[in-house]
>>> print(open('final.pdb').read())   # PDB, C-alpha atoms
MODEL        1
ATOM      1  CA  MET R 753      63.814  92.769 138.681
ATOM      2  CA  LYS R 754      67.496  93.337 139.264
ATOM      3  CA  LEU R 755      68.370  89.915 137.894
ATOM      4  CA  SER R 756      66.376  90.456 134.728
ATOM      5  CA  ALA R 757      68.227  93.748 134.263
ATOM      6  CA  VAL R 758      71.539  91.896 134.594
ATOM      7  CA  PHE R 759      70.352  89.338 132.080
ATOM      8  CA  THR R 760      69.307  92.057 129.643
ATOM      9  CA  ALA R 761      72.681  93.731 130.089
ATOM     10  CA  LEU R 762      74.426  90.449 129.317
ATOM     11  CA  ILE R 763      72.420  89.957 126.132
ATOM     12  CA  LEU R 764      73.089  93.551 125.116
ATOM     13  CA  SER R 765      76.819  93.200 125.791
ATOM     14  CA  ALA R 766      77.000  90.011 123.759
ATOM     15  CA  SER R 767      75.306  91.656 120.808
ATOM     16  CA  LEU R 768      77.559  94.712 121.055
ATOM     17  CA  LEU R 769      80.647  92.525 120.947
ATOM     18  CA  GLY R 770      79.731  91.394 117.451
ATOM     19  CA  GLY R 771      81.335  93.138 114.502
ATOM     20  CA  CYS R 772      82.310  93.075 110.904
ATOM     21  CA  ALA R 773      85.601  93.219 109.054
ATOM     22  CA  GLN R 774      86.745  94.343 105.669
ATOM     23  CA  PHE R 775      90.277  94.226 104.351
ATOM     24  CA  GLU R 776      92.300  94.365 101.172
ATOM     25  CA  SER R 777      95.733  93.134 100.180
ATOM     26  CA  ASN R 778      97.590  94.200  97.047
ATOM     27  CA  ARG R 779     100.736  92.556  95.674
ATOM     28  CA  GLY R 780     102.628  92.959  92.429
ATOM     29  CA  VAL R 781     103.634  95.565  89.914
ATOM     30  CA  GLU R 782     101.736  98.727  89.157
ATOM     31  CA  VAL R 783      98.932  98.141  86.682
ATOM     32  CA  ASN R 784      99.888  99.988  83.508
ATOM     33  CA  TRP R 785      98.342  97.675  80.933
ATOM     34  CA  GLN R 786      95.016  99.414  80.471
ATOM     35  CA  SER R 787      93.619  99.105  76.953
ATOM     36  CA  THR R 788      94.445 102.755  76.272
ATOM     37  CA  VAL R 789      98.105 101.890  76.812
ATOM     38  CA  THR R 790      98.337  98.513  75.102
ATOM     39  CA  GLU R 791      96.588  99.756  71.957
ATOM     40  CA  GLN R 792      99.881 101.505  71.216
ATOM     41  CA  LEU R 793     101.534  98.088  70.831
ATOM     42  CA  VAL R 794     101.510  96.268  67.499
ATOM     43  CA  ASN R 795     102.531  92.657  66.960
ATOM     44  CA  GLY R 796     105.472  92.421  64.576
ATOM     45  CA  GLN R 797     106.451  96.054  65.059
ATOM     46  CA  SER R 798     106.722  96.971  68.731
ATOM     47  CA  THR R 799     109.850  95.914  70.568
ATOM     48  CA  ARG R 800     110.717  94.841  74.053
ATOM     49  CA  ARG R 801     112.038  98.345  74.651
ATOM     50  CA  ASP R 802     108.585  99.778  73.787
ATOM     51  CA  VAL R 803     106.851  97.438  76.221
ATOM     52  CA  LEU R 804     109.279  98.155  79.025
ATOM     53  CA  ALA R 805     108.970 101.893  78.408
ATOM     54  CA  LEU R 806     105.174 101.702  78.608
ATOM     55  CA  LEU R 807     104.738  99.202  81.427
ATOM     56  CA  GLY R 808     107.957  99.357  83.448
ATOM     57  CA  PRO R 809     109.809  96.362  84.931
ATOM     58  CA  PRO R 810     107.799  93.105  84.836
ATOM     59  CA  SER R 811     107.068  90.639  87.617
ATOM     60  CA  GLN R 812     108.916  87.908  85.747
ATOM     61  CA  VAL R 813     111.166  87.504  82.712
ATOM     62  CA  ILE R 814     111.023  84.094  81.074
ATOM     63  CA  ALA R 815     113.674  82.878  78.640
ATOM     64  CA  LEU R 816     112.319  80.639  75.850
ATOM     65  CA  ASP R 817     115.358  79.346  73.974
ATOM     66  CA  GLY R 818     116.113  82.568  72.120
ATOM     67  CA  GLU R 819     112.642  83.990  72.494
ATOM     68  CA  SER R 820     111.467  85.584  75.705
ATOM     69  CA  ALA R 821     108.349  86.589  77.592
ATOM     70  CA  LEU R 822     107.606  89.391  80.016
ATOM     71  CA  TYR R 823     104.955  88.639  82.645
ATOM     72  CA  TYR R 824     103.182  91.349  84.646
ATOM     73  CA  LEU R 825     101.053  90.446  87.648
ATOM     74  CA  PHE R 826      99.018  92.419  90.133
ATOM     75  CA  GLU R 827      97.247  90.390  92.794
ATOM     76  CA  ARG R 828      94.390  91.887  94.752
ATOM     77  CA  SER R 829      92.628  90.167  97.634
ATOM     78  CA  GLU R 830      89.493  91.576  99.155
ATOM     79  CA  GLY R 831      87.988  90.133 102.281
ATOM     80  CA  GLU R 832      84.873  90.799 104.246
ATOM     81  CA  GLY R 833      83.533  89.113 107.284
ATOM     82  CA  LEU R 834      80.888  88.927 109.925
ATOM     83  CA  ILE R 835      82.036  88.415 113.502
ATOM     84  CA  LEU R 836      79.209  87.457 115.834
ATOM     85  CA  ILE R 837      81.259  85.675 118.497
ATOM     86  CA  LEU R 838      79.220  82.494 118.225
ATOM     87  CA  TYR R 839      79.344  82.478 114.440
ATOM     88  CA  ASN R 840      82.036  84.065 112.304
ATOM     89  CA  ARG R 841      82.185  84.085 108.541
ATOM     90  CA  MET R 842      84.920  85.448 106.288
ATOM     91  CA  HIS R 843      85.057  85.506 102.523
ATOM     92  CA  ILE R 844      88.243  86.356 100.658
ATOM     93  CA  ASP R 845      88.180  86.956  96.928
ATOM     94  CA  THR R 846      91.521  87.067  95.117
ATOM     95  CA  ARG R 847      91.796  88.170  91.531
ATOM     96  CA  TYR R 848      94.744  88.508  89.210
ATOM     97  CA  ASP R 849      95.254  91.396  86.811
ATOM     98  CA  ARG R 850      97.944  90.229  84.406
ATOM     99  CA  ALA R 851      99.624  90.752  81.085
ATOM    100  CA  ILE R 852     102.014  88.646  79.048
ATOM    101  CA  PHE R 853     104.181  89.661  76.096
ATOM    102  CA  PHE R 854     106.135  87.307  73.832
ATOM    103  CA  PHE R 855     109.194  88.438  71.863
ATOM    104  CA  ASN R 856     111.155  86.744  69.106
ATOM    105  CA  LYS R 857     114.949  86.485  68.903
ATOM    106  CA  ASP R 858     115.126  90.076  67.614
ATOM    107  CA  ASP R 859     113.144  91.360  70.610
ATOM    108  CA  VAL R 860     110.130  92.155  68.427
ATOM    109  CA  LEU R 861     106.699  91.622  69.955
ATOM    110  CA  THR R 862     104.992  88.538  68.496
ATOM    111  CA  GLU R 863     101.944  88.007  70.735
ATOM    112  CA  PHE R 864     100.489  89.571  73.837
ATOM    113  CA  ALA R 865      97.398  89.412  76.027
ATOM    114  CA  THR R 866      96.112  91.324  79.007
ATOM    115  CA  ARG R 867      93.419  90.757  81.612
ATOM    116  CA  LEU R 868      92.193  93.566  83.796
ATOM    117  CA  TYR R 869      89.254  93.589  86.148
ATOM    118  CA  PRO R 870      86.848  96.493  85.508
ATOM    119  CA  THR R 871      87.657  98.292  88.759
ATOM    120  CA  ASP R 872      91.336  98.455  87.795
ATOM    121  CA  GLU R 873      90.709  99.651  84.246
ATOM    122  CA  GLY R 874      90.666 103.254  85.498
TER     123      GLY R 874
ATOM    124  CA  MET F1012      61.152  86.611 136.124
ATOM    125  CA  LYS F1013      62.057  83.893 138.616
ATOM    126  CA  VAL F1014      65.562  83.868 140.056
ATOM    127  CA  SER F1015      66.128  80.255 139.022
ATOM    128  CA  THR F1016      65.065  81.018 135.435
ATOM    129  CA  VAL F1017      67.422  83.966 135.182
ATOM    130  CA  LYS F1018      70.280  81.891 136.602
ATOM    131  CA  SER F1019      69.631  79.161 134.072
ATOM    132  CA  LEU F1020      69.539  81.643 131.216
ATOM    133  CA  CYS F1021      72.769  83.267 132.412
ATOM    134  CA  THR F1022      74.454  79.866 132.588
ATOM    135  CA  LEU F1023      73.248  79.004 129.092
ATOM    136  CA  LEU F1024      74.502  82.315 127.763
ATOM    137  CA  ALA F1025      77.896  81.869 129.429
ATOM    138  CA  CYS F1026      78.205  78.361 127.966
ATOM    139  CA  GLY F1027      77.232  79.671 124.572
ATOM    140  CA  LEU F1028      79.886  82.353 124.689
ATOM    141  CA  LEU F1029      82.552  79.700 125.215
ATOM    142  CA  ALA F1030      81.924  78.061 121.860
ATOM    143  CA  ALA F1031      82.211  79.555 118.403
ATOM    144  CA  CYS F1032      81.914  78.542 114.784
ATOM    145  CA  SER F1033      84.042  80.048 112.031
ATOM    146  CA  GLN F1034      83.715  79.735 108.279
ATOM    147  CA  TRP F1035      86.363  80.924 105.826
ATOM    148  CA  ARG F1036      85.835  81.026 102.088
ATOM    149  CA  TYR F1037      88.626  81.688  99.608
ATOM    150  CA  ASP F1038      88.142  82.327  95.889
ATOM    151  CA  LEU F1039      91.353  82.429  93.894
ATOM    152  CA  GLY F1040      91.135  83.414  90.252
ATOM    153  CA  ALA F1041      88.221  83.164  87.853
ATOM    154  CA  PRO F1042      86.207  79.988  87.144
ATOM    155  CA  LEU F1043      87.207  78.022  84.035
ATOM    156  CA  ALA F1044      84.098  75.882  83.714
ATOM    157  CA  ASP F1045      82.655  77.816  80.780
ATOM    158  CA  THR F1046      85.988  78.186  79.046
ATOM    159  CA  PRO F1047      86.367  76.106  75.881
ATOM    160  CA  ILE F1048      89.607  74.215  75.368
ATOM    161  CA  PRO F1049      91.356  75.282  72.150
ATOM    162  CA  ALA F1050      91.875  72.575  69.539
ATOM    163  CA  GLU F1051      95.304  71.206  68.723
ATOM    164  CA  ARG F1052      97.387  73.355  66.365
ATOM    165  CA  THR F1053      95.591  76.494  67.585
ATOM    166  CA  THR F1054      97.999  79.397  67.535
ATOM    167  CA  LEU F1055      99.262  81.079  70.682
ATOM    168  CA  ALA F1056      97.671  84.365  69.599
ATOM    169  CA  ASP F1057      94.227  82.742  69.277
ATOM    170  CA  THR F1058      94.646  80.954  72.588
ATOM    171  CA  LEU F1059      95.570  84.147  74.411
ATOM    172  CA  ALA F1060      92.622  85.920  72.814
ATOM    173  CA  LEU F1061      90.341  83.148  74.067
ATOM    174  CA  LEU F1062      91.705  82.593  77.562
ATOM    175  CA  GLY F1063      93.663  85.729  78.389
ATOM    176  CA  PRO F1064      97.116  85.652  79.955
ATOM    177  CA  PRO F1065      97.929  82.427  81.819
ATOM    178  CA  LEU F1066      98.452  82.399  85.558
ATOM    179  CA  LEU F1067     101.519  80.179  85.325
ATOM    180  CA  MET F1068     104.076  79.659  82.605
ATOM    181  CA  THR F1069     107.302  77.786  82.085
ATOM    182  CA  ALA F1070     109.778  77.148  79.304
ATOM    183  CA  THR F1071     110.321  73.572  78.123
ATOM    184  CA  ASP F1072     112.840  71.969  75.782
ATOM    185  CA  ASN F1073     110.322  71.967  72.940
ATOM    186  CA  GLY F1074     108.516  75.231  73.569
ATOM    187  CA  PHE F1075     106.574  76.303  76.617
ATOM    188  CA  VAL F1076     103.643  75.443  78.862
ATOM    189  CA  LEU F1077     100.864  77.766  79.990
ATOM    190  CA  ALA F1078      98.450  77.097  82.856
ATOM    191  CA  TRP F1079      95.232  78.611  84.171
ATOM    192  CA  GLU F1080      93.712  77.753  87.539
ATOM    193  CA  HIS F1081      90.769  78.514  89.790
ATOM    194  CA  TRP F1082      90.473  77.494  93.426
ATOM    195  CA  HIS F1083      87.608  77.656  95.883
ATOM    196  CA  ILE F1084      88.574  76.691  99.412
ATOM    197  CA  ARG F1085      86.057  76.177 102.198
ATOM    198  CA  GLU F1086      87.248  76.023 105.779
ATOM    199  CA  ASP F1087      84.861  75.355 108.667
ATOM    200  CA  SER F1088      85.791  75.128 112.316
ATOM    201  CA  VAL F1089      84.147  74.966 115.691
ATOM    202  CA  GLY F1090      85.989  75.740 118.879
ATOM    203  CA  PHE F1091      85.246  75.617 122.577
ATOM    204  CA  ARG F1092      87.462  77.551 124.965
ATOM    205  CA  LEU F1093      87.324  78.478 128.603
ATOM    206  CA  GLY F1094      89.421  81.587 127.977
ATOM    207  CA  ALA F1095      86.384  83.831 128.253
ATOM    208  CA  LEU F1096      86.108  82.797 131.901
ATOM    209  CA  GLY F1097      89.762  83.606 132.524
ATOM    210  CA  ALA F1098      90.797  79.963 132.621
ATOM    211  CA  ASP F1099      92.669  79.287 129.395
ATOM    212  CA  PHE F1100      93.680  75.766 130.314
ATOM    213  CA  MET F1101      91.511  73.738 128.005
ATOM    214  CA  SER F1102      90.349  74.026 124.424
ATOM    215  CA  ALA F1103      88.503  71.700 122.104
ATOM    216  CA  ASP F1104      88.501  72.267 118.349
ATOM    217  CA  TRP F1105      87.054  70.633 115.285
ATOM    218  CA  GLY F1106      87.704  71.720 111.729
ATOM    219  CA  GLU F1107      87.636  70.572 108.142
ATOM    220  CA  MET F1108      88.417  71.914 104.709
ATOM    221  CA  ARG F1109      87.087  71.236 101.232
ATOM    222  CA  ILE F1110      88.938  72.166  98.078
ATOM    223  CA  LYS F1111      87.285  72.726  94.759
ATOM    224  CA  GLY F1112      89.392  73.638  91.771
ATOM    225  CA  GLU F1113      90.027  73.634  88.072
ATOM    226  CA  PHE F1114      93.332  73.503  86.231
ATOM    227  CA  LEU F1115      93.995  73.891  82.526
ATOM    228  CA  LEU F1116      97.408  73.109  81.096
ATOM    229  CA  LEU F1117      98.332  73.877  77.482
ATOM    230  CA  THR F1118     101.590  72.934  75.793
ATOM    231  CA  PHE F1119     102.968  74.876  72.831
ATOM    232  CA  ASP F1120     105.823  74.065  70.490
ATOM    233  CA  LYS F1121     108.476  76.473  69.278
ATOM    234  CA  GLN F1122     106.225  77.512  66.384
ATOM    235  CA  HIS F1123     103.693  78.734  68.976
ATOM    236  CA  LEU F1124     101.169  76.061  68.049
ATOM    237  CA  LEU F1125      99.170  74.141  70.637
ATOM    238  CA  THR F1126     100.406  70.555  70.817
ATOM    239  CA  SER F1127      98.481  69.202  73.811
ATOM    240  CA  SER F1128      95.978  70.180  76.444
ATOM    241  CA  SER F1129      94.919  68.813  79.788
ATOM    242  CA  ARG F1130      92.100  69.887  82.025
ATOM    243  CA  SER F1131      91.153  68.720  85.492
ATOM    244  CA  GLU F1132      88.446  69.530  88.006
ATOM    245  CA  TRP F1133      88.214  68.358  91.564
ATOM    246  CA  ASP F1134      86.053  68.737  94.653
ATOM    247  CA  ASN F1135      87.802  66.990  97.496
ATOM    248  CA  TYR F1136      88.017  66.760 101.224
ATOM    249  CA  GLY F1137      91.178  68.741 101.959
ATOM    250  CA  GLY F1138      91.809  67.688 105.514
ATOM    251  CA  GLY F1139      90.758  68.538 108.994
ATOM    252  CA  GLY F1140      90.947  67.331 112.532
ATOM    253  CA  LYS F1141      89.847  67.400 116.110
ATOM    254  CA  ALA F1142      91.862  68.436 119.125
ATOM    255  CA  ILE F1143      91.553  68.704 122.870
ATOM    256  CA  GLN F1144      94.482  70.724 124.080
ATOM    257  CA  PRO F1145      95.210  71.483 127.741
ATOM    258  CA  LEU F1146      97.195  74.563 128.775
ATOM    259  CA  PHE F1147      98.404  75.634 125.323
ATOM    260  CA  GLY F1148      96.988  75.328 121.828
ATOM    261  CA  PHE F1149      99.853  73.797 119.848
ATOM    262  CA  VAL F1150      97.986  72.332 116.910
ATOM    263  CA  SER F1151      95.897  74.052 114.283
ATOM    264  CA  VAL F1152      93.384  71.484 113.066
ATOM    265  CA  VAL F1153      92.970  73.108 109.635
ATOM    266  CA  ASP F1154      95.807  74.679 107.663
ATOM    267  CA  VAL F1155      95.212  76.359 104.303
ATOM    268  CA  ASP F1156      98.279  78.623 104.178
ATOM    269  CA  ASP F1157     100.031  76.691 101.405
ATOM    270  CA  LEU F1158      96.925  76.943  99.229
ATOM    271  CA  THR F1159      96.247  80.633  99.729
ATOM    272  CA  ASP F1160      99.825  81.813  99.261
ATOM    273  CA  VAL F1161     100.575  84.610  96.777
ATOM    274  CA  MET F1162     101.561  83.732  93.209
ATOM    275  CA  PRO F1163     105.191  82.632  92.634
ATOM    276  CA  GLN F1164     105.820  85.472  90.172
ATOM    277  CA  HIS F1165     106.119  87.838  93.137
ATOM    278  CA  ARG F1166     109.087  85.826  94.387
ATOM    279  CA  TRP F1167     110.910  85.565  91.065
ATOM    280  CA  GLY F1168     113.498  88.297  91.770
ATOM    281  CA  ARG F1169     114.421  86.777  95.113
ATOM    282  CA  SER F1170     115.555  83.446  93.723
ATOM    283  CA  LEU F1171     119.244  84.284  94.128
ATOM    284  CA  LEU F1172     118.831  85.736  97.589
ATOM    285  CA  GLN F1173     117.708  82.582  99.335
ATOM    286  CA  ARG F1174     119.674  80.506 101.773
ATOM    287  CA  LEU F1175     122.511  78.585 100.122
ATOM    288  CA  PRO F1176     120.615  75.291  99.535
ATOM    289  CA  GLY F1177     117.891  77.257  97.778
ATOM    290  CA  VAL F1178     120.342  79.241  95.650
ATOM    291  CA  LEU F1179     122.167  76.078  94.589
ATOM    292  CA  ASN F1180     118.829  74.667  93.457
ATOM    293  CA  THR F1181     117.822  77.807  91.549
ATOM    294  CA  SER F1182     118.187  76.164  88.143
ATOM    295  CA  SER F1183     115.455  73.742  89.153
ATOM    296  CA  ASN F1184     113.294  76.235  91.012
ATOM    297  CA  LEU F1185     109.661  75.946  89.942
ATOM    298  CA  ASP F1186     108.992  79.632  90.592
ATOM    299  CA  THR F1187     111.348  80.917  87.894
ATOM    300  CA  GLY F1188     109.339  79.963  84.832
ATOM    301  CA  GLN F1189     112.331  78.066  83.446
ATOM    302  CA  SER F1190     112.130  74.662  85.077
ATOM    303  CA  GLY F1191     108.519  73.624  85.078
ATOM    304  CA  LEU F1192     105.514  74.629  87.116
ATOM    305  CA  GLN F1193     103.428  73.152  89.860
ATOM    306  CA  GLN F1194      99.931  73.504  91.217
ATOM    307  CA  ARG F1195      99.159  75.074  94.558
ATOM    308  CA  GLY F1196      99.532  72.774  97.502
ATOM    309  CA  THR F1197     102.099  70.487  95.889
ATOM    310  CA  PRO F1198     104.159  68.932  98.712
ATOM    311  CA  THR F1199     107.705  70.271  98.856
ATOM    312  CA  ALA F1200     109.141  67.467 100.952
ATOM    313  CA  ALA F1201     109.712  65.236  97.933
ATOM    314  CA  GLY F1202     111.331  65.779  94.558
ATOM    315  CA  GLN F1203     113.644  68.559  93.488
ATOM    316  CA  GLN F1204     112.429  71.061  96.078
ATOM    317  CA  SER F1205     113.441  68.771  98.916
ATOM    318  CA  LEU F1206     117.041  69.728  98.080
ATOM    319  CA  GLU F1207     116.284  73.217  99.304
ATOM    320  CA  MET F1208     115.691  71.810 102.789
ATOM    321  CA  ASP F1209     112.982  74.393 103.268
TER     322      ASP F1209
ENDMDL
END
>>> encode(input="final.pdb", output="structure tokens")
Amino acid sequence: MKLSAVFTALILSASLLGGCAQFESNRGVEVNWQSTVTEQLVNGQSTRRDVLALLGPPSQVIALDGESALYYLFERSEGEGLILILYNRMHIDTRYDRAIFFFNKDDVLTEFATRLYPTDEG
Amino acid sequence: MKVSTVKSLCTLLACGLLAACSQWRYDLGAPLADTPIPAERTTLADTLALLGPPLLMTATDNGFVLAWEHWHIREDSVGFRLGALGADFMSADWGEMRIKGEFLLLTFDKQHLLTSSSRSEWDNYGGGGKAIQPLFGFVSVVDVDDLTDVMPQHRWGRSLLQRLPGVLNTSSNLDTGQSGLQQRGTPTAAGQQSLEMD
């Protein structure tokens, strides 16, 4: 009887040692390129100054032989896992909110594009 | 319950607790499989409308190059350790990794027209190993750190604050967007980056 109680306690302990995990990691610039913001920008009219005023400093500035591009990146990783001692499973999903703006030699906006995941649209 | 049965079950349970299986799954970016490739001479504006902002970009002598990528990394490992019994002097590990990915590279000229495109997909064995390690665990049988690293754009501002060999090689640094680009996992021990002695 005592031994079966010990055995039951062992099984119970093993099951209690199992767990789960959830975590998140964010890297990059603040996301300011929601559609409500970028609809203020017009190709051929808006300037680099307008973009910087609306979005702030970019992640990267790329020189293109007279032209230039501003690149904004926000990287979000979300992980969740099951920890059962004998079997552990983790899944990490990384997504990239980003925006790119091209300017001509006069610093006028020529093309731009943005990508924002729905949860970051605000 | 018989004493011998309970003892056997306890032994089985103890043995079971010594071994464990771990599975890691990484998804980086969005799949490109359903994304159509723009035709040659497509404008940059139309391309961006179709594909969204690229994940990588670099200037070239004749224009610029944009790249999109998606990675799915699968890491499986099984380990057996005596640490649970207070005797951490022996471990046995097995692990392997599979890499599935897509990469789309588009080249534009100075008139912002698409001049060439290249697309690749792969589903490969990414490595793995087995190890029996007494006393200390020195070797990790599966290593995915170089594939799951953050994007190079986050490091752009630090390019002039590296150690001297890295700073001297800044003009050829692949993270700046000025000197080319590279896919995740590209070995750094050969080519221009080897000058950085990283």
>>> closest_atom_pairs(input="final.pdb", of="chain F", to="chain R", cutoff="6 Å", atoms="only C-alpha atoms", output="JSON lines")
{"residue": "F:Ala1031", "atom": "CA", "partner": "R:Leu838", "partner_atom": "CA", "distance": 4.2}
{"residue": "F:Cys1032", "atom": "CA", "partner": "R:Tyr839", "partner_atom": "CA", "distance": 4.7}
{"residue": "F:Ser1033", "atom": "CA", "partner": "R:Asn840", "partner_atom": "CA", "distance": 4.5}
{"residue": "F:Gln1034", "atom": "CA", "partner": "R:Arg841", "partner_atom": "CA", "distance": 4.6}
{"residue": "F:Trp1035", "atom": "CA", "partner": "R:Met842", "partner_atom": "CA", "distance": 4.8}
{"residue": "F:Arg1036", "atom": "CA", "partner": "R:His843", "partner_atom": "CA", "distance": 4.6}
{"residue": "F:Tyr1037", "atom": "CA", "partner": "R:Ile844", "partner_atom": "CA", "distance": 4.8}
{"residue": "F:Asp1038", "atom": "CA", "partner": "R:Asp845", "partner_atom": "CA", "distance": 4.7}
{"residue": "F:Leu1039", "atom": "CA", "partner": "R:Thr846", "partner_atom": "CA", "distance": 4.8}
{"residue": "F:Gly1040", "atom": "CA", "partner": "R:Arg847", "partner_atom": "CA", "distance": 5.0}
{"residue": "F:Ala1056", "atom": "CA", "partner": "R:Glu863", "partner_atom": "CA", "distance": 5.7}
{"residue": "F:Leu1059", "atom": "CA", "partner": "R:Ala865", "partner_atom": "CA", "distance": 5.8}
{"residue": "F:Gly1063", "atom": "CA", "partner": "R:Ala865", "partner_atom": "CA", "distance": 5.8}
{"residue": "F:Pro1064", "atom": "CA", "partner": "R:Ala865", "partner_atom": "CA", "distance": 5.4}
{"residue": "F:Ala1070", "atom": "CA", "partner": "R:Leu816", "partner_atom": "CA", "distance": 5.5}
{"residue": "F:Gln1164", "atom": "CA", "partner": "R:Ser811", "partner_atom": "CA", "distance": 5.9}
{"residue": "F:Gly1188", "atom": "CA", "partner": "R:Ile814", "partner_atom": "CA", "distance": 5.8}
>>> write_last_selection(input="final.pdb", atoms="C-alpha atoms", output="compact mmCIF listing (two decimals), in the coordinates of the input")
# COMPACT_ATOMS: atom_id res chain seq x y z
CA ALA F 1031 82.21 79.56 118.40
CA CYS F 1032 81.91 78.54 114.78
CA SER F 1033 84.04 80.05 112.03
CA GLN F 1034 83.72 79.74 108.28
CA TRP F 1035 86.36 80.92 105.83
CA ARG F 1036 85.84 81.03 102.09
CA TYR F 1037 88.63 81.69 99.61
CA ASP F 1038 88.14 82.33 95.89
CA LEU F 1039 91.35 82.43 93.89
CA GLY F 1040 91.14 83.41 90.25
CA ALA F 1056 97.67 84.36 69.60
CA LEU F 1059 95.57 84.15 74.41
CA GLY F 1063 93.66 85.73 78.39
CA PRO F 1064 97.12 85.65 79.96
CA ALA F 1070 109.78 77.15 79.30
CA GLN F 1164 105.82 85.47 90.17
CA GLY F 1188 109.34 79.96 84.83
>>> atom_distance(input="final.pdb", atom1="CA of Gly1139 in chain F", atom2="CA of Met1108 in chain F")
5.9 Å
>>> atom_distance(input="final.pdb", atom1="CA of Pro1163 in chain F", atom2="CA of Gly818 in chain R")
23.2 Å
>>> resolve_selection(input="final.pdb", expression="the PyMOL selection byres ((chain F and resi 1111) around 6)", output="PyMOL selection string")
chain F and resi 1082-1083+1110+1112+1133-1134
>>> residues_around(input="final.pdb", residues="Asp1057 in chain F", least_positions_apart="2", cutoff="12 Å", atoms="all atoms listed in the file", output="list in words")
Glu863, Phe864 and Ala865 of chain R; Ile1048, Pro1049, Ala1050, Glu1051, Arg1052, Thr1053, Thr1054, Leu1055, Leu1059, Ala1060, Leu1061, Leu1062, Gly1063, Pro1064, His1123, Leu1124 and Leu1125 of chain F
>>> atom_distance(input="final.pdb", atom1="CA of His1165 in chain F", atom2="CA of Asp1186 in chain F")
9.1 Å
>>> resolve_selection(input="final.pdb", expression="the PyMOL selection byres ((chain F and resi 1183) around 12)", output="list in words")
Thr1069, Ala1070, Ser1170, Pro1176, Gly1177, Val1178, Leu1179, Asn1180, Thr1181, Ser1182, Asn1184, Leu1185, Asp1186, Thr1187, Gly1188, Gln1189, Ser1190, Gly1191, Leu1192, Gly1202, Gln1203, Gln1204, Ser1205, Leu1206 and Glu1207 of chain F
>>> resolve_selection(input="final.pdb", expression="the PyMOL selection byres ((chain F and resi 1143) around 6)", output="compact mmCIF listing (two decimals) with C-alpha atoms, keeping the file's coordinate frame")
# COMPACT_ATOMS: atom_id res chain seq x y z
CA SER F 1102 90.35 74.03 124.42
CA ALA F 1103 88.50 71.70 122.10
CA ALA F 1142 91.86 68.44 119.12
CA GLN F 1144 94.48 70.72 124.08
>>> axis_aligned_box(input="final.pdb", around="range 1059-1063 of chain F", padding_each_side="3 Å", output="lines of an AutoDock Vina configuration file")
center_x = 93.0
center_y = 84.3
center_z = 75.6
size_x = 11.2
size_y = 9.3
size_z = 11.6
>>> closest_residue(input="final.pdb", among="F:Gly1168, F:Gly1140, F:Pro1042, F:Gly1196", to="Val1155 in chain F", atoms="all atoms listed in the file")
F:Gly1196
>>> closest_residue(input="final.pdb", among="R:Leu861, R:Glu832, R:Thr871, R:Ala761", to="Thr790 in chain R", atoms="only C-alpha atoms")
R:Leu861
>>> residues_around(input="final.pdb", residues="Arg800 in chain R", least_positions_apart="3", cutoff="8 Å", atoms="only C-alpha atoms", output="MDAnalysis selection string")
chainID R and resid 803:804 855 859:861
>>> residues_near_point(input="final.pdb", point="(105.5, 102.1, 81.8)", cutoff="10 Å", atoms="all atoms listed in the file", output="JSON, numbers by chain")
{"R": [782, 783, 784, 785, 789, 802, 803, 804, 805, 806, 807, 808, 809, 810]}
>>> build_atoms(input="final.pdb", residues="range 1068-1075 of chain F", atoms="N, CA, C and O atoms", output="compact mmCIF listing (two decimals), in the coordinates of the input")
# COMPACT_ATOMS: atom_id res chain seq x y z
N MET F 1068 103.42 79.93 83.89
CA MET F 1068 104.08 79.66 82.60
C MET F 1068 105.48 79.13 82.86
O MET F 1068 106.14 79.53 83.81
N THR F 1069 105.92 78.24 81.99
CA THR F 1069 107.30 77.79 82.08
C THR F 1069 107.83 77.41 80.71
O THR F 1069 107.07 76.99 79.83
N ALA F 1070 109.12 77.58 80.53
CA ALA F 1070 109.78 77.15 79.30
C ALA F 1070 109.98 75.64 79.37
O ALA F 1070 110.13 75.07 80.45
N THR F 1071 109.97 74.99 78.20
CA THR F 1071 110.32 73.57 78.12
C THR F 1071 111.34 73.40 76.99
O THR F 1071 111.61 74.35 76.25
N ASP F 1072 111.85 72.20 76.84
CA ASP F 1072 112.84 71.97 75.78
C ASP F 1072 112.25 72.17 74.39
O ASP F 1072 112.95 72.54 73.45
N ASN F 1073 110.94 71.91 74.26
CA ASN F 1073 110.32 71.97 72.94
C ASN F 1073 109.42 73.18 72.74
O ASN F 1073 108.71 73.26 71.75
N GLY F 1074 109.40 74.08 73.67
CA GLY F 1074 108.52 75.23 73.57
C GLY F 1074 108.22 75.80 74.94
O GLY F 1074 109.12 76.16 75.68
N PHE F 1075 106.94 75.80 75.29
CA PHE F 1075 106.57 76.30 76.62
C PHE F 1075 105.20 75.78 77.01
O PHE F 1075 104.45 75.25 76.17
